[in-house]
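Dropping input_29.tsv in here (TSV, C-alpha atoms and all ligand atoms):
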chain	number	residue	atom	x	y	z
A	1	MET	CA	88.25	77.91	60.49
A	2	SER	CA	87.86	81.32	58.86
A	3	ARG	CA	88.73	84.32	60.94
A	4	GLY	CA	85.88	86.82	61.21
A	5	LYS	CA	86.26	90.55	60.73
A	6	PRO	CA	87.96	92.28	63.69
A	7	ILE	CA	84.64	93.73	64.86
A	8	GLY	CA	83.04	90.31	64.70
A	9	ARG	CA	85.87	88.81	66.69
A	10	LEU	CA	85.69	91.55	69.29
A	11	PHE	CA	81.97	90.95	69.61
A	12	LEU	CA	82.63	87.25	70.08
A	13	VAL	CA	85.12	87.94	72.86
A	14	PHE	CA	82.62	90.15	74.69
A	15	ALA	CA	79.83	87.65	74.18
A	16	MET	CA	81.99	84.88	75.63
A	17	PHE	CA	83.02	87.11	78.53
A	18	ALA	CA	79.37	87.89	79.27
A	19	LEU	CA	78.49	84.21	79.19
A	20	PHE	CA	81.44	83.40	81.41
A	21	MET	CA	80.47	86.05	83.96
A	22	ALA	CA	76.85	84.91	83.91
A	23	GLY	CA	77.93	81.38	84.71
A	24	CYS	CA	80.18	82.50	87.55
A	25	GLU	CA	77.81	82.78	90.44
A	26	LYS	CA	74.38	81.62	91.32
A	27	PRO	CA	71.80	84.42	91.54
A	28	MET	CA	72.12	84.43	95.33
A	29	SER	CA	75.64	85.80	95.03
A	30	ASN	CA	75.05	88.63	92.61
A	31	VAL	CA	76.42	91.99	93.73
A	32	LEU	CA	73.91	93.72	91.46
A	33	ASP	CA	70.98	91.87	92.99
A	34	PRO	CA	71.60	92.03	96.74
A	35	GLN	CA	69.30	90.01	98.98
A	36	GLY	CA	69.50	92.21	102.06
A	37	LYS	CA	69.13	95.78	103.26
A	38	THR	CA	72.85	96.55	103.57
A	39	GLY	CA	73.60	95.39	100.03
A	40	LYS	CA	70.64	97.37	98.70
A	41	GLU	CA	71.79	100.59	100.37
A	42	GLN	CA	75.25	100.07	98.91
A	43	LEU	CA	73.81	99.37	95.46
A	44	HIS	CA	71.82	102.63	95.63
A	45	LEU	CA	75.08	104.51	96.20
A	46	ILE	CA	76.70	102.78	93.23
A	47	ASN	CA	73.68	103.60	91.08
A	48	LEU	CA	73.70	107.23	92.17
A	49	SER	CA	77.35	107.65	91.16
A	50	VAL	CA	76.69	105.89	87.84
A	51	TYR	CA	73.74	108.20	87.09
A	52	ILE	CA	75.82	111.26	87.88
A	53	MET	CA	78.61	109.97	85.62
A	54	ILE	CA	76.16	109.31	82.81
A	55	LEU	CA	74.73	112.81	83.17
A	56	VAL	CA	78.22	114.34	83.02
A	57	CYS	CA	79.17	112.26	79.96
A	58	VAL	CA	75.97	113.13	78.11
A	59	VAL	CA	76.32	116.88	78.74
A	60	VAL	CA	80.05	116.98	77.93
A	61	PHE	CA	79.69	114.99	74.73
A	62	ALA	CA	76.65	116.97	73.63
A	63	ILE	CA	78.58	120.23	73.99
A	64	PHE	CA	81.63	118.65	72.36
A	65	PHE	CA	79.80	117.52	69.23
A	66	TYR	CA	77.81	120.72	69.01
A	67	VAL	CA	81.03	122.76	69.04
A	68	LEU	CA	82.66	120.37	66.60
A	69	LEU	CA	79.90	120.86	64.04
A	70	ARG	CA	78.88	124.43	64.68
A	71	PHE	CA	82.38	125.95	64.63
A	72	ARG	CA	84.10	123.73	62.09
A	73	ARG	CA	86.03	125.36	59.30
A	74	LYS	CA	83.76	126.28	56.39
A	75	PRO	CA	84.90	125.91	52.76
A	76	GLY	CA	86.74	129.00	51.59
A	77	ASP	CA	86.94	130.53	55.06
A	78	ASN	CA	90.61	130.94	55.96
A	79	SER	CA	90.27	133.58	58.65
A	80	ILE	CA	91.55	132.91	62.18
A	81	PRO	CA	88.68	132.84	64.73
A	82	LYS	CA	88.58	135.24	67.65
A	83	GLN	CA	91.18	134.16	70.23
A	84	VAL	CA	89.88	133.97	73.79
A	85	GLU	CA	92.09	133.62	76.83
A	86	GLY	CA	90.58	132.97	80.25
A	87	SER	CA	86.90	133.39	80.93
A	88	LEU	CA	85.84	134.03	84.48
A	89	THR	CA	82.30	132.79	83.84
A	90	LEU	CA	83.52	129.50	82.39
A	91	GLU	CA	86.09	128.96	85.11
A	92	ILE	CA	83.50	129.51	87.82
A	93	LEU	CA	81.06	127.22	86.04
A	94	TRP	CA	83.43	124.29	85.76
A	95	ILE	CA	84.46	124.59	89.37
A	96	VAL	CA	80.98	125.10	90.80
A	97	ILE	CA	79.19	122.36	88.82
A	98	PRO	CA	81.58	119.52	89.83
A	99	VAL	CA	81.50	120.74	93.44
A	100	ILE	CA	77.71	120.54	93.42
A	101	LEU	CA	77.82	117.06	91.90
A	102	LEU	CA	80.36	115.88	94.48
A	103	VAL	CA	78.25	117.23	97.31
A	104	ILE	CA	75.20	115.40	95.92
A	105	LEU	CA	77.31	112.23	95.89
A	106	ALA	CA	78.96	112.83	99.25
A	107	ILE	CA	75.89	113.41	101.42
A	108	PRO	CA	74.28	109.96	101.03
A	109	THR	CA	77.69	108.21	100.83
A	110	VAL	CA	78.87	109.62	104.15
A	111	ALA	CA	75.48	109.03	105.78
A	112	VAL	CA	75.23	105.38	104.69
A	113	THR	CA	78.89	104.60	105.42
A	114	PHE	CA	78.67	105.91	108.98
A	115	SER	CA	75.30	104.36	109.71
A	116	GLN	CA	76.50	100.95	108.51
A	117	ALA	CA	79.66	101.16	110.60
A	118	LYS	CA	77.67	101.65	113.82
A	119	ALA	CA	78.26	99.18	116.63
A	120	ALA	CA	75.45	96.97	117.89
A	121	PRO	CA	73.39	98.40	120.77
A	122	LYS	CA	74.76	97.40	124.19
A	123	GLN	CA	71.39	96.02	125.26
A	124	GLN	CA	70.68	92.57	123.85
A	125	SER	CA	67.42	92.29	121.96
A	126	ASP	CA	65.42	89.93	119.80
A	127	ASP	CA	65.73	92.24	116.81
A	128	PHE	CA	69.39	91.57	116.13
A	129	ILE	CA	72.27	89.22	116.78
A	130	ARG	CA	75.98	89.85	117.09
A	131	VAL	CA	78.73	87.89	115.39
A	132	LYS	CA	82.47	88.18	115.34
A	133	ALA	CA	84.10	87.05	112.08
A	134	ILE	CA	87.78	86.31	112.38
A	135	GLY	CA	89.95	85.65	109.33
A	136	HIS	CA	92.72	83.06	109.58
A	137	GLN	CA	94.98	81.75	106.83
A	138	PHE	CA	92.81	80.25	105.17
A	139	TRP	CA	89.57	79.83	107.04
A	140	TRP	CA	86.95	81.87	108.86
A	141	GLU	CA	86.01	81.60	112.49
A	142	PHE	CA	82.60	82.81	113.69
A	143	GLN	CA	81.87	83.63	117.31
A	144	TYR	CA	78.44	84.42	118.70
A	145	PRO	CA	79.23	86.31	121.92
A	146	ASP	CA	75.60	86.41	123.10
A	147	HIS	CA	75.05	82.71	122.45
A	148	ASN	CA	78.46	81.51	123.55
A	149	ILE	CA	79.12	79.63	120.31
A	150	ARG	CA	82.32	79.25	118.34
A	151	THR	CA	82.16	77.78	114.88
A	152	ALA	CA	83.92	77.94	111.52
A	153	GLN	CA	83.37	78.05	107.77
A	154	GLU	CA	79.58	78.38	108.03
A	155	LEU	CA	77.93	81.51	109.36
A	156	HIS	CA	74.36	80.73	110.37
A	157	ILE	CA	72.02	83.71	110.53
A	158	PRO	CA	68.28	84.13	111.08
A	159	VAL	CA	66.33	85.51	108.12
A	160	GLY	CA	65.00	89.06	108.56
A	161	LYS	CA	67.12	89.93	111.58
A	162	LYS	CA	69.97	92.37	111.55
A	163	VAL	CA	73.31	90.69	112.11
A	164	TYR	CA	76.01	93.01	113.41
A	165	VAL	CA	79.25	91.52	112.15
A	166	GLU	CA	82.52	92.59	113.75
A	167	VAL	CA	85.29	91.71	111.36
A	168	THR	CA	88.89	91.16	112.41
A	169	SER	CA	91.88	88.95	111.67
A	170	ASP	CA	94.20	86.68	113.59
A	171	ASP	CA	97.16	86.96	111.24
A	172	VAL	CA	97.42	88.93	107.99
A	173	VAL	CA	94.88	91.23	106.36
A	174	HIS	CA	91.87	89.42	104.90
A	175	ALA	CA	88.54	90.81	103.75
A	176	PHE	CA	85.09	89.53	104.61
A	177	TRP	CA	82.83	89.50	101.57
A	178	VAL	CA	79.39	88.02	100.99
A	179	PRO	CA	78.62	89.35	97.49
A	180	GLY	CA	74.90	88.54	97.68
A	181	LEU	CA	74.43	90.42	100.96
A	182	ALA	CA	76.94	93.24	101.36
A	183	GLY	CA	80.19	94.78	100.17
A	184	LYS	CA	83.72	93.91	101.28
A	185	VAL	CA	85.03	94.71	104.74
A	186	ASP	CA	88.72	94.54	105.62
A	187	ALA	CA	89.72	92.07	108.31
A	188	SER	CA	92.82	93.60	109.90
A	189	PRO	CA	94.64	92.18	112.92
A	190	GLY	CA	94.11	94.26	116.06
A	191	ARG	CA	91.24	96.24	114.56
A	192	ILE	CA	87.51	95.78	114.34
A	193	ASN	CA	85.59	96.83	111.25
A	194	ARG	CA	81.85	96.60	111.25
A	195	VAL	CA	79.20	95.66	108.74
A	196	PRO	CA	75.59	94.77	109.38
A	197	ILE	CA	74.21	92.01	107.18
A	198	ASP	CA	70.72	90.64	106.81
A	199	ALA	CA	69.09	88.17	104.46
A	200	GLU	CA	65.53	88.53	103.25
A	201	LYS	CA	65.21	84.95	102.09
A	202	PRO	CA	66.46	81.66	103.48
A	203	GLY	CA	69.30	80.19	101.48
A	204	VAL	CA	73.01	79.68	101.24
A	205	TYR	CA	75.05	82.72	100.27
A	206	LYS	CA	78.63	82.39	99.11
A	207	GLY	CA	81.34	84.12	101.08
A	208	ARG	CA	84.86	84.95	99.98
A	209	CYS	CA	88.09	86.39	101.25
A	210	ALA	CA	88.59	89.53	99.19
A	211	GLU	CA	92.14	90.50	100.11
A	212	LEU	CA	95.18	88.59	98.86
A	213	CYS	CA	96.37	86.80	101.98
A	214	GLY	CA	98.62	83.98	100.87
A	215	ALA	CA	98.84	80.86	98.75
A	216	SER	CA	95.27	79.71	99.31
A	217	HIS	CA	93.62	83.12	99.36
A	218	ALA	CA	91.40	82.21	96.41
A	219	LEU	CA	90.24	79.09	98.29
A	220	MET	CA	89.33	80.89	101.49
A	221	ASN	CA	85.61	80.44	100.96
A	222	PHE	CA	82.82	80.28	103.47
A	223	GLN	CA	79.06	80.15	103.43
A	224	VAL	CA	76.33	82.19	105.01
A	225	VAL	CA	73.42	79.93	105.85
A	226	ALA	CA	70.32	82.06	106.30
A	227	GLU	CA	67.46	80.17	107.89
A	228	LYS	CA	64.06	80.85	109.39
A	229	SER	CA	64.24	82.15	112.97
A	230	SER	CA	62.88	78.89	114.36
A	231	ASP	CA	65.50	76.84	112.48
A	232	PHE	CA	68.22	79.22	113.60
A	233	ASP	CA	67.11	78.81	117.22
A	234	LYS	CA	67.27	75.05	116.82
A	235	TRP	CA	70.78	75.32	115.43
A	236	VAL	CA	71.80	77.53	118.37
A	237	LYS	CA	70.40	75.04	120.89
A	238	LYS	CA	72.26	72.21	119.23
A	239	ARG	CA	75.53	74.12	119.21
A	240	GLN	CA	75.11	75.19	122.82
A	241	SER	CA	74.59	71.69	124.16
A	242	PRO	CA	76.07	69.31	121.62
A	243	ASN	CA	76.49	65.67	122.34
A	244	SER	CA	79.86	64.80	120.95
A	245	ASP	CA	80.42	61.59	122.86
A	246	PRO	CA	80.97	58.55	120.66
A	247	GLN	CA	78.29	55.85	120.49
A	248	THR	CA	79.90	52.85	118.81
A	249	ALA	CA	83.20	51.15	119.61
A	250	GLU	CA	84.65	52.39	116.34
A	251	GLN	CA	83.68	55.98	117.13
A	252	LYS	CA	85.25	55.59	120.58
A	253	ASP	CA	88.52	54.57	118.97
A	254	GLY	CA	88.18	57.49	116.61
A	255	LYS	CA	87.83	59.90	119.50
A	256	LYS	CA	91.07	58.56	120.99
A	257	VAL	CA	92.85	59.07	117.67
A	258	PHE	CA	91.46	62.58	117.61
A	259	ALA	CA	92.62	63.30	121.16
A	260	GLN	CA	96.13	62.12	120.31
A	261	ASN	CA	96.55	63.87	116.98
A	262	CYS	CA	94.17	66.73	116.54
A	263	MET	CA	93.23	68.22	119.91
A	264	SER	CA	96.23	70.53	120.06
A	265	CYS	CA	94.70	72.59	117.25
A	266	HIS	CA	91.01	71.68	117.06
A	267	ALA	CA	88.23	71.93	119.61
A	268	ILE	CA	85.16	69.74	119.91
A	269	ASP	CA	82.62	70.91	122.50
A	270	GLY	CA	80.32	68.60	124.39
A	271	THR	CA	82.67	65.79	125.33
A	272	GLN	CA	83.89	64.82	128.77
A	273	LEU	CA	87.44	65.17	127.54
A	274	LYS	CA	88.06	68.91	127.27
A	275	MET	CA	89.10	69.28	123.65
A	276	ARG	CA	89.76	72.99	123.39
A	277	GLY	CA	92.42	73.57	120.72
A	278	ASN	CA	92.03	77.07	119.34
A	279	LYS	CA	94.38	77.16	116.36
A	280	ALA	CA	91.96	75.60	113.91
A	281	PRO	CA	88.24	75.32	113.15
A	282	ASN	CA	86.04	74.20	116.02
A	283	LEU	CA	84.73	70.87	114.74
A	284	THR	CA	81.60	70.60	116.91
A	285	GLY	CA	78.75	69.39	114.71
A	286	PHE	CA	81.16	68.79	111.86
A	287	SER	CA	78.94	66.32	109.99
A	288	SER	CA	76.19	68.91	109.59
A	289	ARG	CA	78.49	71.33	107.76
A	290	ASN	CA	77.85	71.52	104.01
A	291	LYS	CA	81.52	71.79	103.11
A	292	ILE	CA	84.88	70.61	104.34
A	293	ALA	CA	87.32	73.50	104.77
A	294	GLY	CA	84.69	75.70	103.11
A	295	LEU	CA	85.46	74.06	99.76
A	296	LEU	CA	84.84	70.34	99.33
A	297	ASP	CA	81.40	68.76	99.61
A	298	ASN	CA	81.19	67.11	102.99
A	299	ASN	CA	81.37	63.39	102.24
A	300	GLU	CA	83.63	60.53	103.25
A	301	LYS	CA	85.73	60.58	100.11
A	302	ASN	CA	86.55	64.24	100.49
A	303	LEU	CA	87.17	63.88	104.22
A	304	ASP	CA	89.65	61.15	103.38
A	305	ARG	CA	91.29	63.40	100.83
A	306	TRP	CA	91.48	66.28	103.28
A	307	LEU	CA	92.93	64.25	106.16
A	308	HIS	CA	95.53	62.56	103.96
A	309	ASN	CA	96.83	65.64	102.25
A	310	PRO	CA	95.21	69.01	103.08
A	311	GLU	CA	98.13	70.77	101.35
A	312	GLU	CA	96.91	69.36	98.06
A	313	VAL	CA	93.48	70.94	98.64
A	314	LYS	CA	94.68	74.23	100.15
A	315	PRO	CA	98.34	74.98	99.43
A	316	GLY	CA	100.03	76.62	102.41
A	317	THR	CA	97.46	75.45	105.00
A	318	TYR	CA	98.67	74.98	108.58
A	319	MET	CA	96.86	71.67	108.85
A	320	PRO	CA	99.39	68.81	108.53
A	321	GLY	CA	98.59	65.67	106.55
A	322	PHE	CA	97.85	62.42	108.35
A	323	SER	CA	98.61	59.84	105.68
A	324	HIS	CA	100.92	58.15	108.23
A	325	LEU	CA	97.98	57.06	110.43
A	326	ASP	CA	97.27	53.36	110.04
A	327	LYS	CA	94.21	52.41	108.11
A	328	LYS	CA	92.13	51.33	111.08
A	329	ASP	CA	92.82	54.53	113.01
A	330	MET	CA	91.93	56.61	109.98
A	331	THR	CA	88.65	54.73	109.50
A	332	SER	CA	87.60	55.13	113.12
A	333	LEU	CA	88.66	58.78	113.13
A	334	LYS	CA	86.41	59.45	110.14
A	335	ALA	CA	83.58	57.53	111.78
A	336	TYR	CA	83.89	59.72	114.86
A	337	LEU	CA	84.00	62.97	112.88
A	338	GLN	CA	80.98	61.91	110.87
A	339	SER	CA	79.03	61.16	114.03
A	340	LEU	CA	79.34	64.79	115.22
A	341	GLU	CA	75.95	66.33	114.58
A	401	LIG	C1	98.71	72.06	113.52
A	401	LIG	C2	97.30	72.24	113.72
A	401	LIG	C3	96.34	71.17	113.22
A	401	LIG	C4	96.32	69.84	113.55
A	401	LIG	C5	97.25	69.08	114.48
A	401	LIG	C6	95.16	69.29	112.89
A	401	LIG	N1	94.52	70.26	112.15
A	401	LIG	FE1	92.80	70.05	111.13
A	401	LIG	N2	92.88	71.96	110.52
A	401	LIG	C7	93.88	72.85	110.89
A	401	LIG	C8	93.64	74.10	110.24
A	401	LIG	C9	94.49	75.35	110.36
A	401	LIG	C10	92.47	73.93	109.46
A	401	LIG	C11	91.79	74.97	108.58
A	401	LIG	C12	92.19	74.69	107.18
A	401	LIG	C13	91.57	75.64	106.20
A	401	LIG	O1	90.38	75.49	105.90
A	401	LIG	O2	92.28	76.51	105.71
A	401	LIG	C14	92.03	72.58	109.68
A	401	LIG	C15	90.88	72.05	109.10
A	401	LIG	C16	90.39	70.79	109.39
A	401	LIG	C17	89.12	70.29	108.92
A	401	LIG	C18	88.10	71.04	108.08
A	401	LIG	C19	87.29	71.85	109.06
A	401	LIG	C20	86.05	72.49	108.54
A	401	LIG	O3	85.48	73.24	109.31
A	401	LIG	O4	85.62	72.26	107.44
A	401	LIG	C21	88.99	69.04	109.43
A	401	LIG	C22	87.83	68.09	109.25
A	401	LIG	C23	90.18	68.77	110.19
A	401	LIG	N3	91.01	69.85	110.15
A	401	LIG	C24	90.42	67.60	110.86
A	401	LIG	C25	91.58	67.32	111.56
A	401	LIG	C26	91.85	66.06	112.17
A	401	LIG	C27	90.90	64.86	112.16
A	401	LIG	C28	93.07	66.15	112.74
A	401	LIG	C29	93.84	65.08	113.48
A	401	LIG	C30	94.04	63.84	112.79
A	401	LIG	C31	93.56	67.50	112.51
A	401	LIG	N4	92.64	68.16	111.79
A	401	LIG	C32	94.76	68.00	112.99
A	401	LIG	C33	94.92	72.64	111.75
A	401	LIG	C34	95.22	71.41	112.33
A	402	CU	CU	92.17	85.64	103.36
Can you dump the structure from the file as structure tokens?
Ligand code: HEC
Ligand SMILES: [Cu+2]
Amino acid sequence: MSRGKPIGRLFLVFAMFALFMAGCEKPMSNVLDPQGKTGKEQLHLINLSVYIMILVCVVVFAIFFYVLLRFRRKPGDNSIPKQVEGSLTLEILWIVIPVILLVILAIPTVAVTFSQAKAAPKQQSDDFIRVKAIGHQFWWEFQYPDHNIRTAQELHIPVGKKVYVEVTSDDVVHAFWVPGLAGKVDASPGRINRVPIDAEKPGVYKGRCAELCGASHALMNFQVVAEKSSDFDKWVKKRQSPNSDPQTAEQKDGKKVFAQNCMSCHAIDGTQLKMRGNKAPNLTGFSSRNKIAGLLDNNEKNLDRWLHNPEEVKPGTYMPGFSHLDKKDMTSLKAYLQSLE
């Protein structure tokens, strides 16, 4: 293969990079095309600072090139130009102009930052919901204090309503990031940071951990499922009174296997047995989740893979592997998990 000219090669690299970036995320997860009010406000701030920077660059370069051409050395002219040292007017100008620009930038930035960090009103209302997002190595827990729901990996929200998210962490510093809806928010242990999110359209928005937090940081994904208010209400009802009791004999066996091996970490609501482990994702309604561990499509093959060797899927996870379970126990365990709607 012939090697193109350097410029051609450089162009190729940029073209490939652009293609690569374009293929990265579905439109719903584009920072530059936010699908909610919070993201839009933040994008306006970014745009404002970019416009100011462009203005500064244009003016500075215009003056630069003008001076370059206007005052260049002419043929035959060997005289030394007038030497100037210190100019009060200039000094004032290049202090005052940046200060004005910074003030123009600062006013909306401070206003938006503080208004977005506001806590939810004390009084419950139909206009908003409250959610607590808790980062764990390497999964996300979501609590709905007003609905009394605890879930994981999938944050369900009603379209068009403001969702006040309180972000915190149970271990190290993580960051809560839903690129299609709003900017990053640090999840620090012992501290609550706030961000309101809202989605204009139903859909699934990708979520990420945006702060290096350990071996599987890059795999600490979650999803925001935005649905119509009526669908959201249905989901809430189902989560509030789930029926997690097994129907078939196989599922009954599976529940026993679960109680023996998994209950110390995991909770499943809606069974007579109180399965209330709180060190791992609450598995109530597990079969209706889109993903396993926020990563793998939720099907039997992947569930098998996860239960046998979670370490292979998420290095450093606290979930132990269960390849030692005998085949029958494993089959009934999976049957039970898949019956949880
Ligand atoms: C020592 C604690 C512990 C035990 C015991 C344990 N798990 Fe887990 N499990 C975890 C943790 C932690 C995660 C979160 C992993 C992640 O996504 O990073 C997890 C994740 C899962 C998930 C994915 C959850 C989701 O929301 O997608 C499933 C399914 C699961 N475990 C099933 C089981 C089953 C079945 C057992 C018993 C055979 C079991 N676990 C035993 C800690 C445990
Ligand atoms: Cu993290």
- [ ] Point out the residue among A:Arg289, A:Lys132, A:Lys122, A:Lys274 with the least atom-to-atom distance to A:Glu154, counting all atoms listed in the file.
- [x]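 Using all atoms listed in the file, the shortest distance to A:Glu154 belongs to A:Arg289.
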Open item on the list: Considering only C-alpha atoms and all ligand atoms, can you say which of A:His266, A:Arg150, A:Arg191, A:Arg276 comes closest to ligand LIG 401 (chain A)?
Closed with: A:His266
- [ ] Kindly compile the residues surrounding ligand LIG 401 (chain A) within 9 Å, counting all atoms listed in the file, and format them as a PyMOL selection string.
- [x] chain A and resi 136-141+151-154+216+219-221+257-266+277+279-284+286+289-296+298+303+306-307+310+314-322+325+330+333-334+337
Open item on the list: To check your reading of the model: which residues sit at most 7 Å from ligand CU 402 (chain A) when counting all atoms listed in the file? Write the answer as a list in words.
Closed with: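 Counting all atoms listed in the file, the residues within 7 Å of ligand CU 402 (chain A) come out as Gly135, His136, Gln137, Phe138, Val173, His174, Ala175, Cys209, Ala210, Glu211, Leu212, Cys213, His217 and Met220 of chain A.
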Could the residues in this selection be saved with C-alpha atoms as a PDB file, keeping the file's coordinate frame?
ATOM      1  CA  GLY A 135      89.950  85.650 109.330  1.00  0.00           C
ATOM      2  CA  HIS A 136      92.720  83.060 109.580  1.00  0.00           C
ATOM      3  CA  GLN A 137      94.980  81.750 106.830  1.00  0.00           C
ATOM      4  CA  PHE A 138      92.810  80.250 105.170  1.00  0.00           C
ATOM      5  CA  VAL A 173      94.880  91.230 106.360  1.00  0.00           C
ATOM      6  CA  HIS A 174      91.870  89.420 104.900  1.00  0.00           C
ATOM      7  CA  ALA A 175      88.540  90.810 103.750  1.00  0.00           C
ATOM      8  CA  CYS A 209      88.090  86.390 101.250  1.00  0.00           C
ATOM      9  CA  ALA A 210      88.590  89.530  99.190  1.00  0.00           C
ATOM     10  CA  GLU A 211      92.140  90.500 100.110  1.00  0.00           C
ATOM     11  CA  LEU A 212      95.180  88.590  98.860  1.00  0.00           C
ATOM     12  CA  CYS A 213      96.370  86.800 101.980  1.00  0.00           C
ATOM     13  CA  HIS A 217      93.620  83.120  99.360  1.00  0.00           C
ATOM     14  CA  MET A 220      89.330  80.890 101.490  1.00  0.00           C
TER      15      MET A 220
END
Task: Among the residues A:Ile197, A:Ala215, A:Ala133, A:Leu155, the one that comes closest to A:Ser169 [using only C-alpha atoms] - done: A:Ala133
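Residue nearest A:Lys40 within the list A:Ile104, A:Val167, A:Val84, A:Glu200: A:Glu200 [criterion: smallest interatomic distance, all atoms listed in the file].
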Task: Nearest to A:Glu227 by atom-to-atom distance, counting all atoms listed in the file, from A:Pro6, A:Pro121, A:Pro34, A:Gly203 - done: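 Comparing A:Pro6, A:Pro121, A:Pro34, A:Gly203 against A:Glu227, the winner is A:Gly203.
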Contacts of A:Lys234 at 12 Å (all atoms listed in the file; same-chain gap of 6+ positions) as a PDB file with C-alpha atoms, in the frame of the given file:
ATOM      1  CA  HIS A 156      74.360  80.730 110.370  1.00  0.00           C
ATOM      2  CA  ILE A 157      72.020  83.710 110.530  1.00  0.00           C
ATOM      3  CA  PRO A 158      68.280  84.130 111.080  1.00  0.00           C
ATOM      4  CA  GLU A 227      67.460  80.170 107.890  1.00  0.00           C
ATOM      5  CA  LYS A 228      64.060  80.850 109.390  1.00  0.00           C
ATOM      6  CA  GLN A 240      75.110  75.190 122.820  1.00  0.00           C
ATOM      7  CA  SER A 241      74.590  71.690 124.160  1.00  0.00           C
ATOM      8  CA  PRO A 242      76.070  69.310 121.620  1.00  0.00           C
TER       9      PRO A 242
END
Open item on the list: Could you list, as an MDAnalysis selection string, every residue within 10 Å of stretch 110-113 of chain A, counting only C-alpha atoms and ignoring same-chain residues fewer than 3 positions away?
Closed with: chainID A and resid 38 41:42 45 105:107 116:118 195
Those same residues - C-alpha atoms - I'd like them written as a compact mmCIF listing (two decimals), in the frame of the given file.
# COMPACT_ATOMS: atom_id res chain seq x y z
CA THR A 38 72.85 96.55 103.57
CA GLU A 41 71.79 100.59 100.37
CA GLN A 42 75.25 100.07 98.91
CA LEU A 45 75.08 104.51 96.20
CA LEU A 105 77.31 112.23 95.89
CA ALA A 106 78.96 112.83 99.25
CA ILE A 107 75.89 113.41 101.42
CA GLN A 116 76.50 100.95 108.51
CA ALA A 117 79.66 101.16 110.60
CA LYS A 118 77.67 101.65 113.82
CA VAL A 195 79.20 95.66 108.74
